[in-house]
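These notes are about the structure you will find just below.
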Amino acid sequence: MINLSNVGKKFGDYWAVRDLNIEVGKGEIFGFLGPNGAGKSTTVKMIAGLLNPTEGQISAGGYDVVKDPIKTKSIIGYIPDKGFIYEKLKGREFLEFVAALYKVEDAGRIIDEMSTLFSINRNLDDLVENYSAGMRQRLVFTSALLHNPEILLIDEPIIGLDPKGVRMLKKLLEDMASRGVTIFMATHSLLLAEELCTGIGIINKGRMIAIGPKGKISGNSRGLEEFFLQITEDAGS
């Protein structure tokens, strides 16, 4: 469902990512790990079609993200690390706006169902500027799932969520994957990756330094945290 082939992104003279090769199948949860500035967010934005790669090709759901941007975006839900929300709108107004962009049928019913799932249904008539950080994150998640995407891209999923919200998110992602939704998750949370992901990729200084099934990546006797720390230290030296 997601394929990156020899992908690189250059800003001026600086290569943010280089020579990335990633394949994520239908119904998989792929954890994309790395230190700050490693290239995780840049990669997620390229898959989402918000940045064009300098080199290489990216496909999502069989569509080329550069050549078929509209088709690609129609099957992708994207949750950035800092979600943009129109703060002067009420929660429901914002969701109605997003639903209209995706031409969601029976939008009112879906908004009610999804906002109830994320426990913000009682706040939909409040201005977004009055939402807490956790409520805003729940609103962003709700908006990203209104069109029932086949692929979900998440950049740091647990920012702003309390423990209850994190538990709810874990169950949601597991349920979505069981229904065949492909999830690409960039995260600093090694625990979250170890609990949820079927595959792991570790990036450092723009290059993939390890990729494979979770069990293989974390080693035979070492946990993911020890493996991650060791491999990123080795790559950085």
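Labeling convention for the structure tokens: chains A, B, ... as they appear, residues from 1 per chain, ligands from 1 in order of appearance.
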query = Leaving out segment 10-25 of chain A and any residue of its chain fewer than 2 positions from it, which residues lie within 10 Å of it when counting only C-alpha atoms, given as a PyMOL selection string?
reply = chain A and resi 1-8+27-30+37-43+52-61+180-184+198-199+201+203-209+211-212
Write the residues of the preceding selection, restricted to C-alpha atoms, as an mmCIF file, in the first residue's frame.
data_model
loop_
_atom_site.group_PDB
_atom_site.id
_atom_site.type_symbol
_atom_site.label_atom_id
_atom_site.label_comp_id
_atom_site.auth_asym_id
_atom_site.auth_seq_id
_atom_site.Cartn_x
_atom_site.Cartn_y
_atom_site.Cartn_z
ATOM 1 C CA MET A 1 0.000 0.000 0.000
ATOM 2 C CA ILE A 2 2.935 2.330 0.612
ATOM 3 C CA ASN A 3 6.100 2.113 -1.437
ATOM 4 C CA LEU A 4 9.140 4.396 -1.378
ATOM 5 C CA SER A 5 11.848 3.655 -3.925
ATOM 6 C CA ASN A 6 15.224 5.410 -3.627
ATOM 7 C CA VAL A 7 13.529 8.500 -2.216
ATOM 8 C CA GLY A 8 15.462 11.612 -1.287
ATOM 9 C CA GLY A 27 -3.290 -3.813 7.233
ATOM 10 C CA GLU A 28 0.236 -3.327 8.590
ATOM 11 C CA ILE A 29 1.251 -0.856 11.281
ATOM 12 C CA PHE A 30 4.700 0.484 10.433
ATOM 13 C CA GLY A 37 15.851 15.949 12.924
ATOM 14 C CA ALA A 38 16.371 12.477 11.471
ATOM 15 C CA GLY A 39 13.930 13.038 8.598
ATOM 16 C CA LYS A 40 10.752 11.415 9.930
ATOM 17 C CA SER A 41 8.371 14.346 9.402
ATOM 18 C CA THR A 42 9.836 15.111 5.974
ATOM 19 C CA THR A 43 9.196 11.518 4.923
ATOM 20 C CA ASN A 52 7.587 16.412 -3.571
ATOM 21 C CA PRO A 53 10.665 14.176 -3.427
ATOM 22 C CA THR A 54 13.844 15.481 -5.014
ATOM 23 C CA GLU A 55 14.593 11.987 -6.273
ATOM 24 C CA GLY A 56 12.936 8.598 -6.290
ATOM 25 C CA GLN A 57 9.281 7.564 -6.428
ATOM 26 C CA ILE A 58 6.503 7.230 -3.865
ATOM 27 C CA SER A 59 3.222 5.383 -4.343
ATOM 28 C CA ALA A 60 0.265 5.043 -1.984
ATOM 29 C CA GLY A 61 -2.577 2.641 -2.700
ATOM 30 C CA GLY A 180 -7.173 -3.619 6.466
ATOM 31 C CA VAL A 181 -6.186 0.017 7.000
ATOM 32 C CA THR A 182 -2.461 0.590 6.494
ATOM 33 C CA ILE A 183 -0.874 2.736 9.210
ATOM 34 C CA PHE A 184 2.456 4.570 8.908
ATOM 35 C CA THR A 198 4.312 -5.168 12.814
ATOM 36 C CA GLY A 199 7.270 -3.535 11.083
ATOM 37 C CA GLY A 201 12.169 1.372 10.340
ATOM 38 C CA ILE A 203 16.209 6.523 10.390
ATOM 39 C CA ASN A 204 19.169 8.645 11.439
ATOM 40 C CA LYS A 205 20.614 11.713 9.708
ATOM 41 C CA GLY A 206 18.269 11.158 6.777
ATOM 42 C CA ARG A 207 19.230 7.553 6.031
ATOM 43 C CA MET A 208 17.532 4.298 6.947
ATOM 44 C CA ILE A 209 19.831 2.333 9.195
ATOM 45 C CA ILE A 211 14.243 -1.904 8.657
ATOM 46 C CA GLY A 212 12.290 -5.101 8.958
#
ask   = So which bits of segment 7-97 of chain A end up alpha helix (DSSP H) when you DSSP the backbone, as a list in words?
value =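 Alpha helix (DSSP H) assignments inside segment 7-97 of chain A correspond to Lys40, Ser41, Thr42, Thr43, Val44, Lys45, Met46, Ile47, Ala48, Pro69, Ile70, Lys71, Thr72, Lys73, Ser74, Gly91, Arg92, Glu93, Phe94, Leu95, Glu96 and Phe97 of chain A.
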message = Please list as JSON, numbers by chain every residue within 12 Å of Met185 of chain A, counting only C-alpha atoms and excluding residues in the same chain fewer than 2 positions away.
response = {"A": [24, 28, 29, 30, 31, 32, 33, 34, 40, 41, 43, 44, 45, 47, 77, 78, 79, 80, 81, 151, 152, 153, 154, 155, 156, 157, 158, 170, 173, 182, 183, 187, 188, 189, 190, 192, 193, 196, 197, 198, 199, 200, 201, 202]}
request  = Quick one: pick out all strand (DSSP E) residues within segment 102-174 of chain A from a backbone DSSP run and write them as a list of chain:residue names.
outcome  =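 Taking segment 102-174 of chain A and keeping strand (DSSP E) gives A:Ile151, A:Leu152, A:Leu153, A:Ile154, A:Asp155.
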task = State, in Å with one decimal place, the distance from atom CA of Glu195 of chain A to atom CA of Ile217 of chain A.
result =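 Between atom CA of Glu195 of chain A and atom CA of Ile217 of chain A the gap is 13.7 Å.
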request  = Extract, using only C-alpha atoms, all DNA, RNA and protein residues at most 8 Å from Leu145 of chain A, discarding same-chain residues fewer than 3 positions from it, and format them as a PyMOL selection string.
outcome  = chain A and resi 77+114+141-142+148-149
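The shortest atom-to-atom distance to Thr116 of chain A, with only C-alpha atoms taken into account, belongs to A:Arg138 out of A:Lys103, A:Lys164, A:Arg138, A:Arg179.
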inquiry  = Taking only C-alpha atoms into account, name the residue in A:Pro213, A:Pro35, A:Pro69, A:Gly91 that is nearest to Leu51 of chain A.
reply    =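 Under the stated criterion, the closest residue is A:Pro69.
Here the question is which of A:Glu87, A:Met176, A:Glu96, A:Ile110 gets nearest to Ser132 of chain A using only C-alpha atoms, and that residue is A:Glu87.
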Residue nearest Asp68 of chain A - candidates A:Phe118, A:Leu89, A:Leu172, A:Gly49, atoms counted: only C-alpha atoms = A:Gly49
task = Tell me which of A:Glu233, A:Ala144, A:Leu139, A:Val98 sits closest to Leu161 of chain A, counting only C-alpha atoms.
result =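 Among the listed residues, the smallest separation from Leu161 of chain A belongs to A:Leu139.
Note that atom CA of Ala99 of chain A and atom CA of His147 of chain A are 7.1 Å apart.
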key: For Gly83 of chain A, the nearest of the candidates A:Val104, A:Ile159, A:Val65, A:Leu146, counting only C-alpha atoms   =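 Of A:Val104, A:Ile159, A:Val65, A:Leu146, the one nearest Gly83 of chain A is A:Ile159, counting only C-alpha atoms.
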task = Write out as a count of residues only the residues lying within 7 Å of Lys88 of chain A, counting only C-alpha atoms and excluding same-chain residues fewer than 6 positions away.
result = 3
